[in-house]
Each structure stands twice: as C-alpha cells, then as structure tokens.
Amino acid sequence: MTRRRKTVDGLHGLEIDALLDDRTVEIVVCCGSGGVGKTTTAAALGVRAAERGRQVVVLTIDPARRLAQAMGLPELDDTPRRVEGIDTKRGGHLDAMMLDMKRTFDQVVLATTSPEKAKVILENPFYVALSSSFAGTQEYMAMEKLGQLHADALADGRYDLIIVDTPPSRSALDFLDAPKRLSSFLDSRLLRLLSAPARGPIKMFSAGMGLVTGMLTKLLGAQVLTDIQTFVAALDTTFGGFRARSERTYALLQQDRTAFLVVAAPEPDAMREAAYFVERLRDERMPLTGMVLNRMTSPAATHVSAERSLSAAEALTETGKHPVAAAVLRLHGERMRRAAREHHLAERFVSAHPGVAVAGVPALSSDVHDLDGLREIGARLGGE
C-alpha cells in the first residue's frame with residue numbers, strides 16, 4: 001500500500017498525511033537502525049495523527065528522557081499515559097508508553113497459568129535472567145505487547161491507530177525473527193532433555209544421560225541445573241501458546257491494516273541498512289509503505305551554487321576584508337555540497353528501489369524538546 005506524490009526533484013514523495021488519515025490502517029511500524037531519529041519520528045507521527053482525529057497510542061522502546069519531556073510526561077512506562085496539550089478539536093487523542101520487557105513477560109506468565117505455577121516461574125532465577133536479558137527477548141516482547149494492544153483496541157475501541165517504535169536493532173532480522181527464535185528456544189530438545197533426562201524413549205540411554213547430567217552439574221553447578229529443570233518443567237503447560245501468539249502477530253503485520261515505515265538518515269551506512277530493511281520486508285511480504293529520510297540538509301539560498309559561494313568566500317579571504325561574509329559564504333557552500341551528496345544518496349536509493357516512496361525531512365536547528373518540536377517534525381513529514 002504505497003501513497004506517493006511527485007516532487008519537484010523527480011523523486012516519489014511519501015504522502016504521510018494520507019497514510020495517517022486512512023482509517024483502514026491500524027498499525028504503523030517504524031523500523032530502522034539505531035541513531036536515525038526513529039523514536040522521534042514515531043512520536044511526531046503520533047502527535048500529527050492525534051491532531052488529525054485519530055485515537056493513537058505510541059509504543060516506544062527505551063526512548064531518551066527528553067522525548068518523554070517533549071510530550072509533557074515525567075516518565076514513560078508500561079502503562080499508556082495521556083499526552084496533554086494535544087489539539088482535540090477533531091476528536092483525537094494521544095497516549096504514550098514504553099515497553100517494559102520483563103513486566104510484559106510476567107504478564108504473559110500470569111495470564112496463561114495458575115497463580116501457584118506462576119509464582120514458581122516468576123521466582124525462578126533462570127526465568128528472571130531469560131525475561132530480563134536473553135538475546136531476542138526485547139524484540140519478542142515488542143511483538144507480544146503489540147498483539148496485546150491490538151486485541152484490546154479491537155475489544156474496547158480505545159485506539160484506532162497503534163504506532164510502534166521497534167527496538168534499535170542493526171538488522172530487520174532481529175525484529176522479524178525474534179518470535180521464532182524465542183519460541184524455538186523454549187521448545188528446544190536440550191531444555192526438554194535437561195528437564196527430564198530419564199523419561200520416555202530417552203530412558204534406555206539413562207546411564208549416558210546420567211553422565212551428561214553429571215558433567216553439566218560440574219560445569220553449571222547443581223543449583224543452576226536445578227533451576228533450569230524446574231523452569232522447563234513449569235514451561236510445559238505455561239508457554240504452549242507462545243508460538244501461536246507470535247504467528248498471529250506475525251500474520252497481523254502482513255495484513256493491509258499494517259504499514260511499515262523504514263526510517264533512515266542521509267548517510268552511506270544508514271542508507272545501506274535501509275536498503276537491507278526494504279529488501280527483507282519485501283521478502284517477508286510485509287506491507288512496506290515507504291521510507292522516512294531524516295535530517296536532510298536544506299540550504300536557505302539554493303540559487304547560489306556551492307562553487308560560486310566557495311569561490312566568493314576565497315576571494316574575500318584573500319583581500320582580508322569582510323571576514324563574516326566570507327565565513328557565511330563558506331558555510332553556505334559546504335551546506336550546498338552536503339545537500340548535493342545527500343540528494344545523490346536518495347536518488348541512488350530510489351533508483352535501486354523504484355517502488356519505495358520517500359519522505360525527506362529537513363533537519364531542525366535544535367533538538368526536539370516539546371510538543372511544538374514534534375509538531376514541526378510532523379509538519380515536515382506531511383510536506384509542509
């Protein structure tokens with residue numbers, strides 16, 4: 001589902017407002033590598049969508065503290081919090097929340113098992129380590145929380161748009177593959193083997209397994225092995241729905257009600273990452289809507305070329321007169337060159353991926369620190 005407009009430079013521009021106004025779109029996923037303004041983009045989209053009449057919740061992953069402050073919130077946590085100061089004339093509102101990886105995992109445990117078994121699992125040291133720091137858990141829990149939010153939105157109508165800021169992974173593989181990796185780990189034969197080495201068909205190998213268990217006890221320690229065995233034993237009935245839920249959320253992401261936005265910066269490394277994201281999303285048949293290209297250089301006087309500006313600066317410097325004018329001309333020339341390099345990168349990307357619409361966002365002169373800053377980002381995303 002691609003929304004685009006023809007821009008003056010010949011590139012296809014992404015129609016962000018058309019995307020946000022489309023009531024059939026229920027989820028917008030902002031993905032990309034770290035440090036490209038992905039979280040700020042997600043927040044700005046949330047502000048703009050809410051002020052255009054949508055009931056929005058933004059789910060962010062470990063945002064900078066200044067972003068919470070920009071939305072007028074003392075902090076962000078796992079509970080959706082209403083953002084005050086949003087123009088509600090069109091009937092929209094904005095809530096914001098931050099993924100709490102362990103709390104989300106705990107909620108899954110509490111919702112899928114008895115209180116007695118939940119207590120055993122939640123207090124198990126192996127579970128505590130798994131839910132807090134296991135590779136891929138953050139990405140999986142982002143998917144889990146998205147599934148929860150969408151189910152709740154359908155049930156009570158509280159939200160009609162969920163905007164997700166994905167974890168700052170270097171690869172799209174981390175976000176898309178995390179559910180498969182985690183559920184495969186929880187279903188792995190090794191864990192099953194550790195939990196009951198002398199049951200069923202394995203019983204005939206009990207002597208050999210006893211030797212293996214003895215070696216593991218020496219390597220890991222008796223208490224660690226016991227913790228693992230207790231955890232896996234409790235796992236049998238508790239996490240049977242992990243794979244089913246992850247598959248439902250994965251299928252939801254493939255539907256037209258979802259829109260993926262790849263967020264990038266006009267730098268060679270970031271553009272290579274963006275190209276990889278685009279290709280992977282297409283391979284997975286995810287509904288890629290377009291790319292947001294943040295922090296584009298936008299010179300004030302484009303009619304004065306870089307060459308003329310730098311040449312004039314050099315001439316003034318040689319005379320020793322008007323040093324301020326020379327500095328301004330030099331600065332303008334350098335900005336024009338940087339803008340040309342960035343535009344060339346964008347053209348190369350569009351040439352390699354002709355079906356991808358791009359929204360270029362000019363860089364701000366300062367960091368975003370309030371709702372007005374987010375509104376300005378949103379306005380630039382909307383092409384104003």
# chains A, B, ... in the order shown; residues from 1 in each chain; ligands from 1
call {"tool": "residues_around", "arguments": {"residues": "Ser366 of chain A", "least_positions_apart": "4", "cutoff": "12 Å", "atoms": "only C-alpha atoms", "output": "list in words"}}
result
Arg295, Pro362, Asp370, Gly373, Leu374, Glu376 and Ile377 of chain A
call {"tool": "select_by_dssp", "arguments": {"residues": "segment 65-116 of chain A", "states": "helix (DSSP H, G or I)", "output": "number ranges by chain"}}
result
A: 65-70, 101-112, 115-116
call {"tool": "residues_around", "arguments": {"residues": "Arg82 of chain A", "least_positions_apart": "5", "cutoff": "7 Å", "atoms": "only C-alpha atoms", "output": "ChimeraX atom specification"}}
result
/A:94-96
call {"tool": "closest_residue", "arguments": {"among": "A:Leu161, A:Leu76, A:Val368, A:Met286", "to": "Leu20 of chain A", "atoms": "only C-alpha atoms"}}
result
A:Leu161
